[in-house]
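Novice: Got a file for you: protein-v7.txt, compact mmCIF, C-alpha atoms.
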# COMPACT_ATOMS: atom_id res chain seq x y z
CA MET Z 1067 0.00 0.00 0.00
CA LEU Z 1068 3.00 2.24 0.47
CA ARG Z 1069 3.67 1.84 -3.24
CA ASP Z 1070 0.06 2.88 -3.98
CA LYS Z 1071 0.36 5.98 -1.77
CA GLN Z 1072 3.61 6.96 -3.48
CA LEU Z 1073 2.01 6.54 -6.91
CA VAL Z 1074 -0.94 8.72 -5.88
CA ARG Z 1075 1.41 11.40 -4.52
CA ARG Z 1076 3.33 11.42 -7.81
CA ILE Z 1077 0.07 11.74 -9.78
CA LEU Z 1078 -1.11 14.59 -7.56
CA ARG Z 1079 2.22 16.38 -8.18
CA GLY Z 1080 1.49 16.20 -11.91
CA ASP Z 1081 3.64 13.22 -12.90
CA VAL Z 1082 2.09 12.14 -16.21
CA GLN Z 1083 4.00 8.83 -16.28
CA ALA Z 1084 2.59 7.91 -12.86
CA GLY Z 1085 -0.93 8.58 -14.17
CA GLU Z 1086 -0.28 6.43 -17.22
CA LYS Z 1087 1.07 3.67 -14.99
CA LEU Z 1088 -2.10 3.74 -12.88
CA VAL Z 1089 -4.28 3.37 -15.97
CA ASP Z 1090 -2.05 0.75 -17.63
CA GLU Z 1091 -1.96 -1.40 -14.50
CA HIS Z 1092 -5.66 -1.32 -13.70
CA TYR Z 1093 -7.52 -0.81 -16.98
CA PRO Z 1094 -7.53 -4.48 -18.14
CA ARG Z 1095 -8.91 -5.88 -14.86
CA LEU Z 1096 -11.50 -3.14 -14.50
CA TYR Z 1097 -12.60 -3.60 -18.10
CA ARG Z 1098 -12.96 -7.38 -17.64
CA PHE Z 1099 -14.88 -6.84 -14.40
CA LEU Z 1100 -17.28 -4.33 -15.94
CA LEU Z 1101 -17.67 -6.46 -19.07
CA TYR Z 1102 -18.80 -9.39 -16.89
CA LEU Z 1103 -21.32 -7.11 -15.23
CA SER Z 1104 -22.63 -5.22 -18.25
CA ARG Z 1105 -22.12 -7.88 -20.95
CA GLU Z 1106 -21.60 -5.10 -23.46
CA PRO Z 1107 -18.07 -4.11 -24.59
CA GLU Z 1108 -19.08 -0.51 -25.34
CA THR Z 1109 -20.75 -0.13 -21.97
CA ALA Z 1110 -17.74 -1.67 -20.20
CA CYS Z 1111 -15.43 0.83 -21.96
CA GLU Z 1112 -17.67 3.72 -20.98
CA LEU Z 1113 -17.86 2.54 -17.37
CA VAL Z 1114 -14.09 2.14 -17.13
CA GLN Z 1115 -13.73 5.69 -18.40
CA ARG Z 1116 -16.23 6.90 -15.80
CA THR Z 1117 -14.37 4.92 -13.13
CA PHE Z 1118 -11.05 6.55 -13.96
CA ASP Z 1119 -12.68 9.97 -14.18
CA ARG Z 1120 -14.18 9.58 -10.70
CA ALA Z 1121 -10.92 8.14 -9.39
CA TRP Z 1122 -8.93 11.01 -10.86
CA HIS Z 1123 -11.15 13.56 -9.12
CA GLY Z 1124 -11.09 11.49 -5.92
CA LEU Z 1125 -7.32 10.95 -5.72
CA PRO Z 1126 -6.84 13.74 -3.14
CA GLU Z 1127 -9.19 11.83 -0.81
CA TYR Z 1128 -7.44 8.45 -1.31
CA ARG Z 1129 -6.24 7.51 2.18
CA GLY Z 1130 -4.45 4.28 1.36
CA GLU Z 1131 -6.59 2.17 3.71
CA ALA Z 1132 -7.25 -0.17 0.78
CA SER Z 1133 -5.08 -0.96 -2.21
CA LEU Z 1134 -5.60 1.13 -5.33
CA SER Z 1135 -7.03 -1.96 -7.00
CA THR Z 1136 -9.65 -2.37 -4.29
CA TRP Z 1137 -10.43 1.34 -4.30
CA LEU Z 1138 -10.84 1.35 -8.09
CA HIS Z 1139 -13.06 -1.75 -8.00
CA ARG Z 1140 -15.28 -0.02 -5.44
CA ILE Z 1141 -15.60 2.98 -7.76
CA ALA Z 1142 -16.26 0.67 -10.75
CA TRP Z 1143 -18.99 -1.16 -8.83
CA ARG Z 1144 -20.65 2.14 -7.94
CA GLU Z 1145 -20.42 3.31 -11.55
CA PHE Z 1146 -22.07 0.08 -12.68
CA LEU Z 1147 -24.90 0.55 -10.17
CA ARG Z 1148 -25.31 4.16 -11.32
CA TYR Z 1149 -25.41 2.97 -14.95
CA GLN Z 1150 -28.07 0.37 -14.09
CA ARG Z 1151 -30.24 2.98 -12.40
CA GLU Z 1152 -29.81 5.39 -15.33
CA SER Z 1153 -30.61 2.86 -18.02
CA CYS Z 1154 -33.24 0.73 -16.23
CA ARG Z 1155 -33.60 -1.52 -19.20
CA ASP Z 1156 -33.87 -5.21 -19.89
CA LEU Z 1157 -32.55 -6.80 -23.02
CA PRO Z 1158 -35.16 -8.67 -25.05
CA LEU Z 1159 -34.29 -12.27 -25.86
CA ASP Z 1160 -34.09 -11.56 -29.57
CA SER Z 1161 -31.16 -9.21 -28.96
CA LEU Z 1162 -28.92 -12.07 -27.81
CA PRO Z 1163 -26.23 -13.05 -30.28
CA PHE Z 1164 -26.98 -15.84 -32.77
CA LEU Z 1165 -25.21 -19.10 -32.01
CA PRO Z 1166 -24.28 -21.33 -34.93
CA GLU Z 1167 -25.26 -24.98 -34.78
CA ASN Z 1168 -21.68 -26.27 -34.78
CA ARG Z 1169 -20.68 -24.80 -31.41
CA SER Z 1170 -17.36 -25.58 -29.86
CA ALA Z 1171 -17.33 -27.12 -26.40
CA PRO Z 1172 -15.33 -24.31 -24.75
CA LEU Z 1173 -17.73 -21.72 -26.16
CA MET Z 1174 -20.71 -23.66 -24.86
CA GLU Z 1175 -19.13 -24.13 -21.44
CA GLY Z 1176 -18.49 -20.39 -21.26
CA LEU Z 1177 -22.06 -19.62 -22.27
CA VAL Z 1178 -23.48 -22.10 -19.76
CA LEU Z 1179 -21.35 -20.57 -16.99
CA GLU Z 1180 -22.34 -17.07 -18.09
CA GLY Z 1181 -26.00 -18.10 -18.03
CA ALA Z 1182 -25.61 -19.58 -14.57
CA LEU Z 1183 -23.88 -16.42 -13.32
CA ALA Z 1184 -26.74 -14.35 -14.73
CA GLN Z 1185 -29.18 -16.31 -12.56
CA LEU Z 1186 -27.41 -15.34 -9.35
CA SER Z 1187 -28.62 -12.35 -7.39
CA ASP Z 1188 -26.51 -9.22 -7.83
CA PRO Z 1189 -24.78 -9.50 -4.42
CA LEU Z 1190 -23.81 -13.14 -5.04
CA ARG Z 1191 -22.72 -12.56 -8.65
CA ILE Z 1192 -20.61 -9.51 -7.88
CA THR Z 1193 -18.96 -11.22 -4.91
CA PHE Z 1194 -18.17 -14.31 -6.98
CA LEU Z 1195 -16.76 -12.21 -9.84
CA MET Z 1196 -14.57 -10.13 -7.55
CA VAL Z 1197 -13.10 -13.13 -5.74
CA ALA Z 1198 -13.04 -15.88 -8.37
CA VAL Z 1199 -12.51 -13.89 -11.55
CA GLN Z 1200 -10.84 -10.64 -10.47
CA GLN Z 1201 -8.95 -12.58 -7.77
CA LEU Z 1202 -9.42 -9.99 -5.06
CA SER Z 1203 -9.05 -11.30 -1.55
CA ILE Z 1204 -12.01 -11.59 0.81
CA LYS Z 1205 -10.75 -8.51 2.64
CA GLU Z 1206 -10.33 -6.50 -0.59
CA THR Z 1207 -13.78 -7.54 -1.78
CA ALA Z 1208 -15.28 -6.54 1.56
CA LEU Z 1209 -13.63 -3.14 1.30
CA ALA Z 1210 -14.73 -2.66 -2.30
CA LEU Z 1211 -18.34 -3.62 -1.57
CA GLU Z 1212 -18.35 -1.96 1.85
CA ALA Z 1213 -19.59 -5.15 3.51
CA PRO Z 1214 -18.26 -7.21 6.43
CA GLU Z 1215 -15.82 -10.00 5.56
CA GLY Z 1216 -18.23 -12.57 7.03
CA THR Z 1217 -20.93 -11.39 4.63
CA ILE Z 1218 -18.52 -11.73 1.70
CA LYS Z 1219 -17.59 -15.27 2.76
CA SER Z 1220 -21.25 -16.18 3.12
CA ARG Z 1221 -22.13 -14.72 -0.29
CA LEU Z 1222 -19.19 -16.48 -1.91
CA ASN Z 1223 -20.23 -19.85 -0.46
CA ALA Z 1224 -23.84 -19.29 -1.50
CA ALA Z 1225 -22.76 -18.28 -5.01
CA ARG Z 1226 -20.57 -21.37 -5.39
CA GLU Z 1227 -23.36 -23.64 -4.13
CA GLN Z 1228 -25.94 -22.09 -6.48
CA LEU Z 1229 -23.52 -22.31 -9.41
CA ARG Z 1230 -22.86 -25.99 -8.65
CA THR Z 1231 -26.60 -26.64 -8.63
CA LEU Z 1232 -27.26 -24.62 -11.79
CA LEU Z 1233 -24.39 -26.23 -13.67
CA ALA Z 1234 -25.46 -29.72 -12.56
CA GLU Z 1235 -28.97 -29.01 -13.86
CA ASN Z 1236 -27.73 -27.59 -17.18
CA PRO Z 1237 -24.41 -29.21 -18.10
CA PRO Z 1238 -22.67 -27.91 -21.22
CA VAL Z 1239 -23.86 -29.58 -24.39
CA THR Z 1240 -21.04 -31.22 -26.28
CA PRO Z 1241 -21.57 -31.64 -30.00
CA PRO Z 1242 -22.09 -35.27 -31.02
CA ARG Z 1243 -19.04 -37.00 -32.41
CA THR Z 1244 -19.29 -37.79 -36.05
CA LYS Z 1245 -17.64 -40.75 -37.67
CA GLY Z 1246 -14.34 -39.85 -39.25
CA PRO Z 1247 -13.15 -41.09 -42.66
CA PHE Z 1248 -11.18 -43.95 -41.10
CA LEU Z 1249 -14.28 -45.37 -39.47
CA ARG Z 1250 -16.13 -45.26 -42.76
CA MET Z 1251 -13.28 -46.99 -44.56
CA GLU Z 1252 -13.20 -49.79 -42.00
CA SER Z 1253 -16.91 -50.31 -42.30
CA ARG Z 1254 -16.53 -50.66 -46.10
CA LYS Z 1255 -13.94 -53.41 -45.64
CA ASN Z 1256 -16.43 -55.48 -43.73
CA VAL Z 1257 -19.06 -55.23 -46.48
Is it possible to express this structure as structure tokens?
Specialist:
Amino acid sequence: MLRDKQLVRRILRGDVQAGEKLVDEHYPRLYRFLLYLSREPETACELVQRTFDRAWHGLPEYRGEASLSTWLHRIAWREFLRYQRESCRDLPLDSLPFLPENRSAPLMEGLVLEGALAQLSDPLRITFLMVAVQQLSIKETALALEAPEGTIKSRLNAAREQLRTLLAENPPVTPPRTKGPFLRMESRKNV
């Protein structure tokens, strides 16, 4: 955290390279996090920009009680909530992307997991994403979400249990194996 405080001090003194370092270090994780939440690349980009804008204006108040990563995730989470309130919209089913018939197994597994995550309540989904995907610690997640660590642990366990149940009910569909040319040749020999 000392490193974070030093970086913030450099930024506040006008060090452009320190500002670039902050963005370069944290942009990819924040983008991934907001993309998981919004499911729209353009929205995720916009929300990351809003996050950095708010962070930039809030740097003088950064106390260093949490890491910069945790602090930025807290801001990103708030920006996502603000975006949800502003947009208050649901996507119709026909706006979902078309899936070709010959799906690959990894794509299907990802879609099944994404669908299961979408069925979790917001508190469970966000907690799971922060810990399992963003790899924040329980303590960092608690700071970012402004919730007690025990609540975060409870939500994480509940999210994992619900995901296990949902994934057991809807396992990924693997495309059927088709006979290759060698199998057909062997079957001709027997005729």
Novice: Restricting the calculation to only C-alpha atoms, which member of Z:Ala1208, Z:Leu1101, Z:Leu1078, Z:Cys1111 is positioned closest to Gly1124 (chain Z)?
Specialist: Z:Leu1078
Novice: Separation of CA of Arg1221 (chain Z) and CA of Pro1094 (chain Z), in Å?
Specialist: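 If I compute the distance from CA of Arg1221 (chain Z) to CA of Pro1094 (chain Z), I get 25.2 Å.
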Novice: Using only C-alpha atoms, pick whichever of Z:Ser1187, Z:Thr1207, Z:Gln1115, Z:Thr1231 has the shortest atom-to-atom distance to Ser1135 (chain Z).
Specialist: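 Comparing Z:Ser1187, Z:Thr1207, Z:Gln1115, Z:Thr1231 against Ser1135 (chain Z), the winner is Z:Thr1207.
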Novice: Take every atom of region 1139-1147 of chain Z listed in the file, pad by 6 Å on each side, and give me the axis-aligned box centre and edge lengths in Å, one decimal, as JSON.
Specialist:
{"center_x": -19.0, "center_y": 0.8, "center_z": -9.1, "size_x": 23.8, "size_y": 17.1, "size_z": 19.2}
Novice: Between CA of His1092 (chain Z) and CA of Val1199 (chain Z), what is the distance, to one decimal in Å?
Specialist: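 Between CA of His1092 (chain Z) and CA of Val1199 (chain Z) the gap is 14.5 Å.
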Novice: So the first atom is CA of Lys1219 (chain Z) and the second is CA of Ile1204 (chain Z); what is the distance between them in Å, to one decimal place?
Specialist: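 Rounded to one decimal, the two atoms are 7.0 Å apart.
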Novice: Residues within 10 Å of Val1089 (chain Z), please, as an mmCIF file with C-alpha atoms, keeping the file's coordinate frame. Count only C-alpha atoms; anything in the same chain fewer than 6 positions from it doesn't count.
Specialist:
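The file below, part.cif, is the result:
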data_model
loop_
_atom_site.group_PDB
_atom_site.id
_atom_site.type_symbol
_atom_site.label_atom_id
_atom_site.label_comp_id
_atom_site.auth_asym_id
_atom_site.auth_seq_id
_atom_site.Cartn_x
_atom_site.Cartn_y
_atom_site.Cartn_z
ATOM 1 C CA GLN Z 1083 4.000 8.830 -16.280
ATOM 2 C CA LEU Z 1096 -11.500 -3.140 -14.500
ATOM 3 C CA VAL Z 1114 -14.090 2.140 -17.130
ATOM 4 C CA PHE Z 1118 -11.050 6.550 -13.960
#
Novice: Excluding region 1140-1145 of chain Z and its own-chain neighbours fewer than 3 positions away, which residues fall within 6 Å of it when counting all atoms listed in the file? Please give them as a PyMOL selection string.
Specialist: chain Z and resi 1117+1137+1148+1210
Novice: Using all atoms listed in the file, pick whichever of Z:Arg1191, Z:Glu1106, Z:Leu1209, Z:Ala1182 has the shortest atom-to-atom distance to Leu1232 (chain Z).
Specialist: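 Among Z:Arg1191, Z:Glu1106, Z:Leu1209, Z:Ala1182, it is Z:Ala1182 that comes nearest to Leu1232 (chain Z).
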Novice: Under the rule that all atoms listed in the file are counted, which of Z:Arg1151, Z:Arg1120, Z:Lys1071, Z:Arg1098 is the nearest residue to Ser1133 (chain Z)?
Specialist: Z:Lys1071
Novice: Between Z:Gln1228, Z:Thr1217, Z:Gln1201, Z:Thr1109, which is the closest to Gln1150 (chain Z) once you count all atoms listed in the file?
Specialist: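 Smallest separation from Gln1150 (chain Z) among the options: Z:Thr1109.
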Novice: Which one is closest to Leu1202 (chain Z): Z:Glu1180, Z:Ile1218, Z:Leu1103, Z:Gly1130? Count only C-alpha atoms.
Specialist: Z:Ile1218
Novice: Mind listing as a PyMOL selection string all residues within 12 Å of (1.4, 9.0, -2.2), counting only C-alpha atoms?
Specialist: chain Z and resi 1067-1079+1081+1084+1125-1130+1133-1134
Novice: Can you complete the atoms of region 1114-1129 of chain Z to N, CA and C atoms and list them as a short mmCIF file (atom, residue, chain, number, x, y, z; two decimals), keeping the file's coordinate frame?
Specialist:
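Writing done, so here's rebuild14.cif:
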data_model
loop_
_atom_site.label_atom_id
_atom_site.label_comp_id
_atom_site.auth_asym_id
_atom_site.auth_seq_id
_atom_site.Cartn_x
_atom_site.Cartn_y
_atom_site.Cartn_z
N VAL Z 1114 -15.49 2.04 -17.57
CA VAL Z 1114 -14.09 2.14 -17.13
C VAL Z 1114 -13.65 3.60 -17.21
N GLN Z 1115 -14.06 4.27 -18.28
CA GLN Z 1115 -13.73 5.69 -18.40
C GLN Z 1115 -14.33 6.49 -17.25
N ARG Z 1116 -15.58 6.22 -16.93
CA ARG Z 1116 -16.23 6.90 -15.80
C ARG Z 1116 -15.50 6.60 -14.50
N THR Z 1117 -15.09 5.33 -14.35
CA THR Z 1117 -14.37 4.92 -13.13
C THR Z 1117 -13.09 5.72 -12.97
N PHE Z 1118 -12.31 5.81 -14.05
CA PHE Z 1118 -11.05 6.55 -13.96
C PHE Z 1118 -11.30 8.04 -13.78
N ASP Z 1119 -12.35 8.55 -14.37
CA ASP Z 1119 -12.68 9.97 -14.18
C ASP Z 1119 -13.00 10.25 -12.72
N ARG Z 1120 -13.84 9.41 -12.13
CA ARG Z 1120 -14.18 9.58 -10.70
C ARG Z 1120 -12.94 9.39 -9.83
N ALA Z 1121 -12.13 8.40 -10.18
CA ALA Z 1121 -10.92 8.14 -9.39
C ALA Z 1121 -9.98 9.34 -9.47
N TRP Z 1122 -9.83 9.88 -10.66
CA TRP Z 1122 -8.93 11.01 -10.86
C TRP Z 1122 -9.35 12.17 -9.96
N HIS Z 1123 -10.64 12.47 -9.94
CA HIS Z 1123 -11.15 13.56 -9.12
C HIS Z 1123 -11.08 13.21 -7.63
N GLY Z 1124 -11.11 11.92 -7.32
CA GLY Z 1124 -11.09 11.49 -5.92
C GLY Z 1124 -9.71 11.20 -5.37
N LEU Z 1125 -8.67 11.28 -6.19
CA LEU Z 1125 -7.32 10.95 -5.72
C LEU Z 1125 -6.90 11.75 -4.48
N PRO Z 1126 -7.25 13.03 -4.36
CA PRO Z 1126 -6.84 13.74 -3.14
C PRO Z 1126 -7.43 13.13 -1.86
N GLU Z 1127 -8.57 12.44 -1.98
CA GLU Z 1127 -9.19 11.83 -0.81
C GLU Z 1127 -8.72 10.39 -0.57
N TYR Z 1128 -7.92 9.82 -1.49
CA TYR Z 1128 -7.44 8.45 -1.31
C TYR Z 1128 -6.55 8.40 -0.07
N ARG Z 1129 -6.95 7.58 0.91
CA ARG Z 1129 -6.24 7.51 2.18
C ARG Z 1129 -5.27 6.34 2.26
#
